[in-house]
Each structure stands twice: as structure tokens, then as C-alpha cells.
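Chemist: There's a structure below that I have some questions on.
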Amino acid sequence: MTVLLEVSNLHTEFHARAGLVRAVDGVSLKVSRGECLGVVGESGSGKSVTFSSVMGLVRSPGQVTQGAIFFDGRNLRDLSREEMRAIRGRDIAMTMQDALTALNPALTVGEQLAEVLEAHDETLPTGRTARRTAIRDRSVEMLGLVGIPSPEARLRQYPHEFSGGMRQRIMIAIALACRPKLLIADEPTTALDVTIQAQVLELISDIRARLGMAVVLITHDLGVVAEHCDRVMVMYAGQVVEEGPTDQVIGAPCHPYTRGLLASIPRPALRGQPLTPIMGQVPDLVGLPPQCRFHSRCPLAQPQCLVEVPMRDAGPGRRSRCLRLEEMA
Amino acid sequence: MTDAALAPTSAPAADSLFRRNLREFRRNRLAVASALVVLLFVVMAVAAPLIAPQDPNATDLFRRLQPPAWIEGGDWAFPLGCDGLGRDILSRIIYGARISIFIGIAVILLATGVGILAGLAAGYFRGWVDVVIGRIVDILLGFPYLIFAIGLMAMMGPGLVNIVLALAYKEWVIPCRVVRGETLAVRELEYVEAARALGAGPRHIMWREILPNILSPVIVVSTIRMANVIILEASLSFLGLGVQPPTASWGSMVSDGRAFILESWWVSTFPGLAILLLVLAINVASQGLRDAFDPRFSE
């Protein structure tokens, strides 16, 4: 599989009143064509900011200060605003966390779909009526694809006339309207009921297989990752702490943070036993010393952990940011 | 076939927020009645030549200060009496509605247009654009409205277009501030970010994502302000800086009657009542609009 997105040594900083916040601190990652990468981490770990940086959507006081973002052979950081705008929506699409507020309440669903197609789809005919019919057909097709019943009638409706799950589907339909090569789904299920969550994730997996696009699934739910992702990347306090094929990372985590995450998930096999939470809090990202960021919460922490820890190979296709990863196996 | 069976036979009819708000407005009877009164004034203004019993500018010195029809010496051909030059007051009120309503609408349209552009730019781009527009707004707000308008009229000279300009020069500040504030709030919303993630540029975001979502408060504020503009026009006309004679304007009619207010009260009173009625109706109707359109006031 060829590499579609390659991010190396990305740094994104926010100039907050309290000081400089390194929200993304040296993140590197790769996404191959057609692959599904899961990005896991708790709130504030930098997973959303990483991909906002990729999209060029970080706004002041935030700023990408270092690193390269290669997409399809081009460094996105070198592109002009117009070139970047053309890539967004056409080549890389992103769905937002909250489906209930991510659709414009003043426009019908059909209008919102049409606008994306109008902006990006170069295959549309130029004649006015032909164009309108083509846009309409594509919109109906997209709504059908995400499983909205009677799409023709639904196109004329406003977002508030849809349920939460439907709105998430519509957002996915809008994101997929131009057949992007990469879909970044930022917590696509957090605002939804459990039953709807499963449907939406099934839908994303299904469409990925059919359209052959790559998907980045940002979530804090390891269960979601286990079911839908080829590879997983775990983030903590602005850094990647572990990455590798999903089954291996979940089956045998080689970073104490991943292990802690897994231990805090309720499982039927462990019924009756207390869950093991990760003690403590995510460190304040202002003025972090160059040392392992997890050590204050880590059960394996030792005095020698108070140094800058690099990513290390931990088996084929696996990497971990832990000094004691050999002892974890 | 199962798919067809599961699908609802007809999706519910499209129902925009705007239409729901309108329905809410219709439930408020007082507001609807006021809106009808406003409409009546508009019809009166448009159809003035058809309705007016007399030529509004025809003088007749034999009818000088003739009282209203129901008072001794009155004549039903001149129902509300005549002014100091023997002109029919009712006809002049009917024609005067044209001036008041035209200026009210023209000033509000102009001011709202400019206000929307300036407010969107300030709220969306922020930075120095916001600072420059914000300072201009602050400076204009520092001037008393009427004195500012009087100054401008003195500089530009009287005339219909000049009144509109003199009032709009300052009036745009109001919608501008509303639009700026709403834009600041809406630009941070998820759907604006979503549009940006789909490759939308600033122009698209301002016109399609932000503007339609802030239009309701702008409409409400504009209608409320229209009443104010009509009073200001009447004030300018009263001071002789408005539309020039012999064109009938309510403000100048009130002014004309000043000299005879004790013995011939009707010359000033009826145009004054016309101003009162129209302004009151606009105010009540716009309150109703606000109640219906502003989510903070709806139950």
C-alpha cells in the first residue's frame, strides 16, 4: 500500500495567557491509501489539534511551528491558502465532533450538499440545467449511500427536522460528496446513542471499503478502534506514545498508558472485579520539562524515566515511547 | 420492496425556522393588528392620488383655517379642516405618508445594507478591520443623532435624498453593532468550522454560513429603528430642514400649525396624530416580531 498522508515531527503551539502550550509536540504518522487509522487519547491529548493542523485549520492563537505534512506527494505546509482550500473537501474531508451543531441550521440539507459539489466537483456539466440535475442526482445518491430513506424529499428539509443519528449521516454524506481520498472523522459517535454509534461506524467502514478511501478515526474509545481500525496510534499530552497494528496494540500493549486505558474498560470477562482507573491527571502542557510525560501517573515509573524518551521500535510495525517497554511483554 | 415499505410515504413538509417564527408572530393579535395599521399607511401612501379628496397643494384663502367637518363652519369635502393657506389637511396627511414611509424604508434599507457589510467584516476578520470599524462606530455614537443630522442637512442642503443620507450616515451603526456581535458568536460555531473543513472561503462563510443565521435579530432591530427614523425625519421637517414646501410632510405640517395652535388646534394635531399612530404601530408590530424571532423571548 502506498502512503497517502505522512506527517513528520509536527509541532503545533498555542500562545495562551499562562504561557506557551505545546498541544502537538513532535507527532509523526503515516496513513496508507485505503487504510483506517485509529487515533486514541483522552481530552486534551492533542488528537484533534493534530488533524486540524493537517487540514490547515488551526486558528490563532494556535500555530503550526514545525514539521512537514505530505499528502499525496505535496507538502501541505507549502501550499497557499487557495490551494489548501481546494484540497479541503475535495481530497481531505473532515467531519466534526458534534453532529447536532455541525450543519448550518439556515440552509436545507440539499443546499449544503450542493454547495460542496458546486465548489469542488470538476466533473459536473457546465450547462445550467444539466448542472443542477447532476448536482441533484449526486445529492440523492449520497443521501442514499448513508442510508437516509426517501432522499429526494429529505433534500428539501432543514437540519432540525432530522434526528441526531441522521444528522451525523448527513454530515458524512456531505464530507463524502466529492469522494475524498482521506476522511478524518473526529469523534463521529460521541454525540450519539450507543445503538446509533454502531450504525454510523458500520457505515463509515462500509463506505471506506466501497470507495477505497483512507479513514482517520479520532476517538477516545478503544472498543471502537478494535472493531474498525487497521492500525492504532495512542496519544498522550501532545505526543504519540504507542502505535502499531490494532490487534497487537490491544492484545499486548507496550506502553503503560495504553495498558492503563485498556484496564479501565469494563469487560464481561472481568465481571465483579473493580475497574482500574489511571490515577492522576493529564499534566499541564505549559512549560513541560523534557522527560517522560506519563511518569507521574505511571505504575512503572523510576528515577531514570525523568529524561526525554524517544519513540522506539517495539516489534514489526510497532513503536512505543517507553524506556521499559521490554519489561512489559 | 422492504425498503419501500419502511420508507415514510411522504416526508414532512419543509419548515424553516423563519416560517415557524412567522407563525408565532401571527398568534400575537395586537402585533398583527399593528402590522395591519402599518400596512394601511403604506397602502395610503402608495395610492395617495386615488384616495386624497383634494389636491394637497391647492391653496384657497377663503378656506383659511377652516375647522374639521364636525365643528361648526366645517365642510365634509375637507374632513379634517384646512391649514393657514386653506389646504386640505387630510389630503396633506395622505401625501405626507409618502415622505415618512419612503424615508423610513430608504434609510433603513441603506443603513442595514451598510451595517451588514461593515458588521460582517468587523466580526469575521477582526484584527485591524474590527478596530477601524469599531472606532468609526464609537465616534458616530458620540454625536447626538438629531444634531448630527441637522449639521449634515445644513452642509448638504435640504432635499429628499439628502435627508436619507443624513439619517443613514449614522443609522448604519445600529445594525452594524448587532451584526458584528452576532457574527462573533456564530463564527465560532461548529458548522462554520465544518464549512471551513470542506474548503469554504471567507466570502462563502460570511454570506452563506453566517448571514442567514443572524438575519432574524437584524430584521427585528431594523423594524424597531424604522419608527425612530420616521420621528427623526419629522423632527428635521419640523425644523425646516426636511422636505421643502410646498411638499407635504408631517413634521412640517405640525410646524406650520404652531402659530395657530391655540385657536386652530387641528392644523398641528392631525399630522401629529398621524406620526403618533404610525410610530406606535411600527413599535408594537416590531415588538411582536422580536418576541417571535428572538429565541430568548419565545416560550
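Numbering starts fresh at 1 for the residues of each chain in the C-alpha cells, the chains themselves are lettered A, B, ... in the order given, and ligands are numbered from 1 as they appear.
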Assign secondary structure with DSSP using the backbone only, and return the residues of region 58-188 of chain B in helix (DSSP H, G or I) as a PyMOL selection string.

Modeler: chain B and resi 61-63+89-125+127-142+145-156+160-171+173-186

Chemist: Next, dump the selected residues to file, keeping only C-alpha atoms, as an mmCIF file, in the first residue's frame.

Modeler:
```
data_model
loop_
_atom_site.group_PDB
_atom_site.id
_atom_site.type_symbol
_atom_site.label_atom_id
_atom_site.label_comp_id
_atom_site.auth_asym_id
_atom_site.auth_seq_id
_atom_site.Cartn_x
_atom_site.Cartn_y
_atom_site.Cartn_z
ATOM 1 C CA LEU B 61 -57.601 81.631 1.118
ATOM 2 C CA PHE B 62 -61.382 81.565 1.648
ATOM 3 C CA ARG B 63 -60.927 78.290 3.482
ATOM 4 C CA ILE B 89 -55.248 68.704 5.956
ATOM 5 C CA LEU B 90 -56.455 65.152 5.280
ATOM 6 C CA SER B 91 -55.061 65.199 1.749
ATOM 7 C CA ARG B 92 -51.782 66.574 3.001
ATOM 8 C CA ILE B 93 -51.589 63.845 5.650
ATOM 9 C CA ILE B 94 -52.214 61.229 2.995
ATOM 10 C CA TYR B 95 -49.493 62.652 0.782
ATOM 11 C CA GLY B 96 -47.225 63.196 3.782
ATOM 12 C CA ALA B 97 -47.333 59.461 4.489
ATOM 13 C CA ARG B 98 -45.370 59.028 1.278
ATOM 14 C CA ILE B 99 -42.491 61.092 2.602
ATOM 15 C CA SER B 100 -42.435 59.482 6.034
ATOM 16 C CA ILE B 101 -42.669 55.931 4.794
ATOM 17 C CA PHE B 102 -40.311 56.412 1.873
ATOM 18 C CA ILE B 103 -37.668 57.944 4.101
ATOM 19 C CA GLY B 104 -38.223 55.346 6.808
ATOM 20 C CA ILE B 105 -37.779 52.478 4.373
ATOM 21 C CA ALA B 106 -34.968 54.040 2.359
ATOM 22 C CA VAL B 107 -32.901 54.938 5.410
ATOM 23 C CA ILE B 108 -33.388 51.541 7.000
ATOM 24 C CA LEU B 109 -32.543 49.652 3.806
ATOM 25 C CA LEU B 110 -29.439 51.714 3.207
ATOM 26 C CA ALA B 111 -28.335 51.605 6.827
ATOM 27 C CA THR B 112 -28.996 47.881 7.180
ATOM 28 C CA GLY B 113 -27.107 47.129 3.973
ATOM 29 C CA VAL B 114 -24.079 49.136 5.057
ATOM 30 C CA GLY B 115 -24.389 47.841 8.624
ATOM 31 C CA ILE B 116 -24.432 44.218 7.472
ATOM 32 C CA LEU B 117 -21.343 44.678 5.308
ATOM 33 C CA ALA B 118 -19.409 46.547 7.978
ATOM 34 C CA GLY B 119 -20.576 44.318 10.826
ATOM 35 C CA LEU B 120 -19.785 41.089 8.961
ATOM 36 C CA ALA B 121 -16.345 42.351 8.019
ATOM 37 C CA ALA B 122 -15.593 43.519 11.563
ATOM 38 C CA GLY B 123 -16.870 40.350 13.207
ATOM 39 C CA TYR B 124 -15.375 37.938 10.726
ATOM 40 C CA PHE B 125 -11.944 39.392 10.027
ATOM 41 C CA GLY B 127 -7.987 42.447 13.875
ATOM 42 C CA TRP B 128 -7.439 45.881 12.366
ATOM 43 C CA VAL B 129 -10.666 45.772 10.319
ATOM 44 C CA ASP B 130 -12.610 45.427 13.535
ATOM 45 C CA VAL B 131 -10.615 48.172 15.220
ATOM 46 C CA VAL B 132 -11.152 50.664 12.385
ATOM 47 C CA ILE B 133 -14.872 49.954 12.052
ATOM 48 C CA GLY B 134 -15.277 49.885 15.817
ATOM 49 C CA ARG B 135 -13.679 53.325 16.216
ATOM 50 C CA ILE B 136 -15.848 54.839 13.479
ATOM 51 C CA VAL B 137 -18.905 53.400 15.215
ATOM 52 C CA ASP B 138 -17.783 54.808 18.568
ATOM 53 C CA ILE B 139 -17.220 58.252 17.094
ATOM 54 C CA LEU B 140 -20.631 58.295 15.403
ATOM 55 C CA LEU B 141 -22.312 57.112 18.578
ATOM 56 C CA GLY B 142 -20.743 60.040 20.394
ATOM 57 C CA TYR B 145 -28.362 61.919 16.481
ATOM 58 C CA LEU B 146 -30.550 64.915 15.691
ATOM 59 C CA ILE B 147 -27.744 67.438 15.988
ATOM 60 C CA PHE B 148 -25.598 65.309 13.713
ATOM 61 C CA ALA B 149 -28.413 65.151 11.155
ATOM 62 C CA ILE B 150 -29.051 68.905 11.435
ATOM 63 C CA GLY B 151 -25.380 69.567 10.820
ATOM 64 C CA LEU B 152 -25.335 67.319 7.784
ATOM 65 C CA MET B 153 -28.531 68.849 6.377
ATOM 66 C CA ALA B 154 -27.059 72.301 6.855
ATOM 67 C CA MET B 155 -23.987 71.216 4.929
ATOM 68 C CA MET B 156 -25.726 69.321 2.132
ATOM 69 C CA LEU B 160 -35.291 64.077 -0.120
ATOM 70 C CA VAL B 161 -32.044 62.273 -0.992
ATOM 71 C CA ASN B 162 -30.096 64.401 1.444
ATOM 72 C CA ILE B 163 -32.446 63.544 4.314
ATOM 73 C CA VAL B 164 -31.999 59.859 3.580
ATOM 74 C CA LEU B 165 -28.230 60.282 3.517
ATOM 75 C CA ALA B 166 -28.127 62.453 6.624
ATOM 76 C CA LEU B 167 -30.053 59.880 8.629
ATOM 77 C CA ALA B 168 -28.344 56.820 7.156
ATOM 78 C CA TYR B 169 -24.904 58.284 7.888
ATOM 79 C CA LYS B 170 -25.422 57.454 11.496
ATOM 80 C CA GLU B 171 -28.190 54.874 11.421
ATOM 81 C CA VAL B 173 -24.118 51.963 13.272
ATOM 82 C CA ILE B 174 -27.036 50.167 14.935
ATOM 83 C CA PRO B 175 -27.331 47.164 12.570
ATOM 84 C CA CYS B 176 -23.535 47.124 12.324
ATOM 85 C CA ARG B 177 -23.147 46.515 16.027
ATOM 86 C CA VAL B 178 -25.850 43.867 16.045
ATOM 87 C CA VAL B 179 -24.308 42.073 13.060
ATOM 88 C CA ARG B 180 -20.793 42.282 14.487
ATOM 89 C CA GLY B 181 -21.855 40.815 17.820
ATOM 90 C CA GLU B 182 -23.848 38.009 16.253
ATOM 91 C CA THR B 183 -21.050 37.265 13.787
ATOM 92 C CA LEU B 184 -18.533 36.948 16.595
ATOM 93 C CA ALA B 185 -20.788 34.373 18.226
ATOM 94 C CA VAL B 186 -21.715 32.439 15.090
#
```

Chemist: Excluding region 248-252 of chain B and its own-chain neighbours fewer than 2 positions away, which residues fall within 12 Å of it when counting only C-alpha atoms? Please give them as a ChimeraX atom specification.

Modeler: /B:45,48,55-58,83,87-103,160,230-246,254-258,267-276,278

Chemist: If you run DSSP on the backbone, which residues of region 30-223 of chain A are strand (DSSP E or B), as a PyMOL selection string?

Modeler: chain A and resi 30-32+36-40+62-71+74-75+88+92-95+182-186+214-219

Chemist: Counting only C-alpha atoms, figure out which residue out of A:Ile278, A:Met233, A:Tyr257, A:Val309 gets nearest to Val39 (chain A).

Modeler: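 For Val39 (chain A), the nearest of the candidates is A:Met233.
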
Chemist: Near region 16-33 of chain B, counting only C-alpha atoms, which residues have an atom at most 10 Å away, once you skip same-chain residues fewer than 2 positions from it, shown as a VMD selection string?

Modeler: (chain A and resid 105 to 108 157 to 161) or (chain B and resid 13 to 14 35 to 39 213 215 to 216 281 to 295 298)

Chemist: For the selection just defined, write its residues with C-alpha atoms to a file, as a short mmCIF file (atom, residue, chain, number, x, y, z; two decimals), in the first residue's frame.

Modeler:
```cif
data_model
loop_
_atom_site.label_atom_id
_atom_site.label_comp_id
_atom_site.auth_asym_id
_atom_site.auth_seq_id
_atom_site.Cartn_x
_atom_site.Cartn_y
_atom_site.Cartn_z
CA PRO A 105 -29.44 25.49 10.55
CA ALA A 106 -30.47 28.09 7.98
CA LEU A 107 -29.93 26.02 4.84
CA THR A 108 -31.64 22.86 3.67
CA GLN A 157 -35.57 19.64 4.72
CA TYR A 158 -33.64 21.61 7.31
CA PRO A 159 -31.22 20.04 9.80
CA HIS A 160 -33.57 20.45 12.76
CA GLU A 161 -36.01 18.08 11.08
CA ALA B 13 -43.17 19.45 4.63
CA ALA B 14 -40.13 21.68 4.68
CA ALA B 35 -48.88 45.37 11.33
CA LEU B 36 -52.19 45.90 9.56
CA VAL B 37 -52.19 49.57 10.58
CA VAL B 38 -48.69 49.93 9.16
CA LEU B 39 -49.84 48.21 6.00
CA ASN B 213 -28.24 32.65 10.74
CA LEU B 215 -30.78 37.70 9.91
CA SER B 216 -33.61 37.44 12.42
CA ALA B 281 -47.99 50.73 15.15
CA ILE B 282 -44.45 50.10 13.94
CA ASN B 283 -43.21 49.81 17.50
CA VAL B 284 -45.89 47.34 18.59
CA ALA B 285 -45.50 45.30 15.42
CA SER B 286 -41.74 45.16 15.81
CA GLN B 287 -42.06 44.16 19.46
CA GLY B 288 -44.19 41.29 18.22
CA LEU B 289 -41.55 40.46 15.64
CA ARG B 290 -38.89 40.46 18.31
CA ASP B 291 -40.93 38.19 20.57
CA ALA B 292 -41.45 35.77 17.72
CA PHE B 293 -37.95 35.85 16.23
CA ASP B 294 -35.71 36.18 19.23
CA PRO B 295 -35.34 32.78 20.88
CA SER B 298 -40.14 32.74 22.94
#
```

Chemist: Could you check how far CA of Ile265 (chain A) sits from CA of Met311 (chain A), in Å to one decimal?

Modeler: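 One can read the CA of Ile265 (chain A) to CA of Met311 (chain A) distance as 25.6 Å.
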
Chemist: Neighbours of Gln197 (chain A) within 10 Å (only C-alpha atoms; same-chain residues fewer than 4 positions away dropped), as a ChimeraX atom specification?

Modeler: /A:165,168,188-193,201-203,224

Chemist: Go ahead and dump the residues you just picked, C-alpha atoms, as an mmCIF file, in the first residue's frame.

Modeler:
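Saved to out.cif:
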```
data_model
loop_
_atom_site.group_PDB
_atom_site.id
_atom_site.type_symbol
_atom_site.label_atom_id
_atom_site.label_comp_id
_atom_site.auth_asym_id
_atom_site.auth_seq_id
_atom_site.Cartn_x
_atom_site.Cartn_y
_atom_site.Cartn_z
ATOM 1 C CA GLY A 165 -28.001 9.912 14.030
ATOM 2 C CA GLN A 168 -24.312 12.559 11.631
ATOM 3 C CA PRO A 188 -18.028 10.742 14.892
ATOM 4 C CA THR A 189 -20.043 8.999 17.574
ATOM 5 C CA THR A 190 -19.607 10.950 20.809
ATOM 6 C CA ALA A 191 -22.868 12.852 20.460
ATOM 7 C CA LEU A 192 -24.895 9.772 19.579
ATOM 8 C CA ASP A 193 -26.772 6.965 21.314
ATOM 9 C CA LEU A 201 -19.284 3.315 12.434
ATOM 10 C CA GLU A 202 -20.537 0.424 10.311
ATOM 11 C CA LEU A 203 -21.488 2.961 7.697
ATOM 12 C CA VAL A 224 -14.384 1.459 18.523
#
```

Chemist: Take CA of Val241 (chain A) and CA of Cys322 (chain A) and report the distance between them in Å, one decimal.

Modeler: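 Distance between the two atoms: 7.6 Å.
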